[in-house]
Amino acid sequence: MDKKKPVQLRPYHKTRYNYQKLRVCKHCHNFTILWEDSCAYCKRHALVPVMEQAEKMAKRSMQSDRLLFYIIGLSAVLVGQTFWQIVISFACMAVLLVLLLMVQRRMLHSETLHALNKLLRTHKEKIVHGLDLNQSTASAAMQEDAQLGYEIVREIASLVKNDSIRLQQIVLLQGFSLRKDMELELEPLLLDEFNPDLAAYIGEIAKLKRELINSKAISYLLTHEAEILHMKQGSQIMIDAAGAAVRKKNYIDRFPDFISRYADGLPKARFLRLYQIVRRNPGLSWNGLRDRVSAIYNEQYRSDPDFQKWD
Ligand SMILES: [Zn+2]
């Protein structure tokens, strides 16, 4: 097996909306989710964030509304026949202009979102094409620099949700030596199909970031349990996941048979956690899990002082 590479991943910036990371070329309308300086298509330094472009579009449309207002207002002033008619038209125009400016200022945000929606809708094909171009960049980077390749794929994955992107992420992650302090994720990477890299990744996550093992991850392991058990580290993966699952009573309630099957492999601290939950809930049998826990306790921990205070 290849040796895993230690990496220091650059922090991942989350945005409120996925598309906020997209930038568009002002010249050729090519889209990108990466951080390159110039447009990959026309090579010009003309990339701006889509939000910025949308705001510009909204402001431009407001400007034309104002122009229309000036034309109508000035015509009213010009048709005035007496001095007072002209003064009154002028005053009305001034008041209305202030009101218009106030309304426009309040509407800027919603108009920007409206313009953004239009921008993304009308350039759907260009966006897909731009993200394809980003993917080619990722594939090229992967050969040279797996870390950069991963960082690129991670960005693309915020907009492109499909199994091939997830697989690329998983395979790259399996090449790194993972640490607790890394920003790791699990649920967005889950596939439908069995994949040994994903199963191994779940096993690592179960040790490094227990809190990421949720019911979806457990369901994945259970759906593919037979295949996972054929893997060299398969039963250890299942044991580590069971150890992560016992942190919540909810998972014990939902998956008692799974916990029961792997309970005797749990390290002491994880078994103690399970034992405590079982003791706290005397009315629940969890389809035989209670008996299984008692049996393991009797075999291995009866005289263990850490268990005594729970007896
Ligand atoms: Zn361009």
# chains A, B, ... in the order shown; residues from 1 in each chain; ligands from 1
>>> residues_around(residues="Ala54 (chain A)", least_positions_apart="6", cutoff="6 Å", atoms="only C-alpha atoms", output="ChimeraX atom specification")
/A:112,115-116
>>> residues_around(residues="region 296-301 of chain A", least_positions_apart="6", cutoff="12 Å", atoms="only C-alpha atoms", output="JSON, numbers by chain")
{"A": [260, 261, 262, 263, 264, 265, 266, 267, 268, 269, 271, 272, 274, 275, 276, 278, 279, 289, 290, 307, 308, 310, 311]}
>>> select_by_dssp(residues="region 3-112 of chain A", states="alpha helix (DSSP H)", output="VMD selection string")
chain A and resid 50 to 79 83 to 112
>>> atom_distance(atom1="CA of Leu133 (chain A)", atom2="CA of Phe31 (chain A)")
9.2 Å
>>> residues_near_ligand(ligand="ligand 1", cutoff="8 Å", atoms="only C-alpha atoms and all ligand atoms", output="number ranges by chain")
A: 24-30, 38-47
>>> write_last_selection(atoms="N, CA, C and O atoms", output="PDB file, in the first residue's frame")
ATOM      1  N   VAL A  24     -17.313  35.406 -12.872  1.00  0.00           N
ATOM      2  CA  VAL A  24     -17.642  35.435 -14.287  1.00  0.00           C
ATOM      3  C   VAL A  24     -16.664  36.385 -14.989  1.00  0.00           C
ATOM      4  O   VAL A  24     -16.237  37.393 -14.406  1.00  0.00           O
ATOM      5  N   CYS A  25     -16.296  36.039 -16.223  1.00  0.00           N
ATOM      6  CA  CYS A  25     -15.405  36.901 -16.993  1.00  0.00           C
ATOM      7  C   CYS A  25     -16.263  37.994 -17.638  1.00  0.00           C
ATOM      8  O   CYS A  25     -17.235  37.694 -18.337  1.00  0.00           O
ATOM      9  N   LYS A  26     -15.882  39.253 -17.383  1.00  0.00           N
ATOM     10  CA  LYS A  26     -16.662  40.370 -17.922  1.00  0.00           C
ATOM     11  C   LYS A  26     -16.573  40.398 -19.443  1.00  0.00           C
ATOM     12  O   LYS A  26     -17.449  40.915 -20.114  1.00  0.00           O
ATOM     13  N   HIS A  27     -15.484  39.819 -19.966  1.00  0.00           N
ATOM     14  CA  HIS A  27     -15.278  39.890 -21.408  1.00  0.00           C
ATOM     15  C   HIS A  27     -16.021  38.783 -22.166  1.00  0.00           C
ATOM     16  O   HIS A  27     -16.768  39.060 -23.092  1.00  0.00           O
ATOM     17  N   CYS A  28     -15.821  37.512 -21.733  1.00  0.00           N
ATOM     18  CA  CYS A  28     -16.393  36.426 -22.547  1.00  0.00           C
ATOM     19  C   CYS A  28     -17.469  35.627 -21.808  1.00  0.00           C
ATOM     20  O   CYS A  28     -17.972  34.631 -22.339  1.00  0.00           O
ATOM     21  N   HIS A  29     -17.799  36.032 -20.575  1.00  0.00           N
ATOM     22  CA  HIS A  29     -18.829  35.324 -19.789  1.00  0.00           C
ATOM     23  C   HIS A  29     -18.489  33.873 -19.521  1.00  0.00           C
ATOM     24  O   HIS A  29     -19.378  33.034 -19.432  1.00  0.00           O
ATOM     25  N   ASN A  30     -17.201  33.576 -19.397  1.00  0.00           N
ATOM     26  CA  ASN A  30     -16.811  32.245 -18.936  1.00  0.00           C
ATOM     27  C   ASN A  30     -16.925  32.258 -17.404  1.00  0.00           C
ATOM     28  O   ASN A  30     -16.628  33.259 -16.769  1.00  0.00           O
ATOM     29  N   SER A  38      -6.541  35.042 -14.208  1.00  0.00           N
ATOM     30  CA  SER A  38      -7.117  35.463 -15.484  1.00  0.00           C
ATOM     31  C   SER A  38      -8.062  34.390 -16.006  1.00  0.00           C
ATOM     32  O   SER A  38      -7.980  33.222 -15.603  1.00  0.00           O
ATOM     33  N   CYS A  39      -8.935  34.803 -16.880  1.00  0.00           N
ATOM     34  CA  CYS A  39      -9.938  33.909 -17.456  1.00  0.00           C
ATOM     35  C   CYS A  39      -9.254  32.772 -18.217  1.00  0.00           C
ATOM     36  O   CYS A  39      -8.379  33.020 -19.062  1.00  0.00           O
ATOM     37  N   ALA A  40      -9.662  31.525 -17.935  1.00  0.00           N
ATOM     38  CA  ALA A  40      -9.017  30.377 -18.578  1.00  0.00           C
ATOM     39  C   ALA A  40      -9.351  30.329 -20.068  1.00  0.00           C
ATOM     40  O   ALA A  40      -8.674  29.660 -20.839  1.00  0.00           O
ATOM     41  N   TYR A  41     -10.382  31.047 -20.455  1.00  0.00           N
ATOM     42  CA  TYR A  41     -10.859  30.977 -21.833  1.00  0.00           C
ATOM     43  C   TYR A  41     -10.240  32.063 -22.713  1.00  0.00           C
ATOM     44  O   TYR A  41      -9.635  31.777 -23.726  1.00  0.00           O
ATOM     45  N   CYS A  42     -10.370  33.349 -22.270  1.00  0.00           N
ATOM     46  CA  CYS A  42      -9.872  34.441 -23.113  1.00  0.00           C
ATOM     47  C   CYS A  42      -8.578  35.055 -22.572  1.00  0.00           C
ATOM     48  O   CYS A  42      -8.046  35.989 -23.158  1.00  0.00           O
ATOM     49  N   LYS A  43      -8.112  34.505 -21.421  1.00  0.00           N
ATOM     50  CA  LYS A  43      -6.831  34.898 -20.816  1.00  0.00           C
ATOM     51  C   LYS A  43      -6.793  36.349 -20.303  1.00  0.00           C
ATOM     52  O   LYS A  43      -5.738  36.860 -19.975  1.00  0.00           O
ATOM     53  N   ARG A  44      -7.929  37.026 -20.264  1.00  0.00           N
ATOM     54  CA  ARG A  44      -7.910  38.414 -19.778  1.00  0.00           C
ATOM     55  C   ARG A  44      -8.112  38.442 -18.259  1.00  0.00           C
ATOM     56  O   ARG A  44      -8.749  37.541 -17.692  1.00  0.00           O
ATOM     57  N   HIS A  45      -7.616  39.503 -17.649  1.00  0.00           N
ATOM     58  CA  HIS A  45      -7.822  39.684 -16.202  1.00  0.00           C
ATOM     59  C   HIS A  45      -9.176  40.340 -16.002  1.00  0.00           C
ATOM     60  O   HIS A  45      -9.265  41.511 -15.686  1.00  0.00           O
ATOM     61  N   ALA A  46     -10.238  39.611 -16.255  1.00  0.00           N
ATOM     62  CA  ALA A  46     -11.554  40.241 -16.236  1.00  0.00           C
ATOM     63  C   ALA A  46     -12.552  39.449 -15.390  1.00  0.00           C
ATOM     64  O   ALA A  46     -13.748  39.537 -15.591  1.00  0.00           O
ATOM     65  N   LEU A  47     -12.032  38.686 -14.415  1.00  0.00           N
ATOM     66  CA  LEU A  47     -12.939  37.875 -13.603  1.00  0.00           C
ATOM     67  C   LEU A  47     -13.491  38.663 -12.422  1.00  0.00           C
ATOM     68  O   LEU A  47     -12.733  39.281 -11.679  1.00  0.00           O
TER      69      LEU A  47
END
>>> residues_around(residues="Cys92 (chain A)", least_positions_apart="4", cutoff="10 Å", atoms="only C-alpha atoms", output="number ranges by chain")
A: 73, 76-77, 86-88, 96-97
>>> closest_atom_pairs(of="region 186-264 of chain A", to="region 156-173 of chain A", cutoff="12 Å", atoms="only C-alpha atoms", output="CSV")
residue,atom,partner,partner_atom,distance
A:Leu186,CA,A:Ile170,CA,9.6
A:Glu187,CA,A:Arg166,CA,10.5
A:Pro188,CA,A:Arg166,CA,7.8
A:Leu189,CA,A:Arg166,CA,5.3
A:Leu190,CA,A:Arg166,CA,7.6
A:Leu191,CA,A:Asp163,CA,6.3
A:Asp192,CA,A:Asp163,CA,8.5
A:Glu193,CA,A:Asp163,CA,9.3
A:Phe194,CA,A:Leu167,CA,11.2
A:Asn195,CA,A:Leu167,CA,8.7
A:Pro196,CA,A:Val171,CA,9.8
A:Asp197,CA,A:Val171,CA,6.3
A:Leu198,CA,A:Ile170,CA,6.1
A:Ala199,CA,A:Ile170,CA,9.8
A:Ala200,CA,A:Ile170,CA,9.6
A:Tyr201,CA,A:Ile170,CA,7.3
A:Ile202,CA,A:Ile170,CA,10.0
A:Glu204,CA,A:Leu173,CA,10.7
A:Ile205,CA,A:Leu173,CA,11.2
>>> closest_residue(among="A:Ala58, A:Val103, A:Val153, A:Ile72", to="Ala141 (chain A)", atoms="only C-alpha atoms")
A:Val153
>>> select_by_dssp(residues="region 13-116 of chain A", states="strand (DSSP E)", output="ChimeraX atom specification")
/A:23-25,31-32,47-49
>>> atom_distance(atom1="CA of Arg273 (chain A)", atom2="CA of Ala226 (chain A)")
26.7 Å
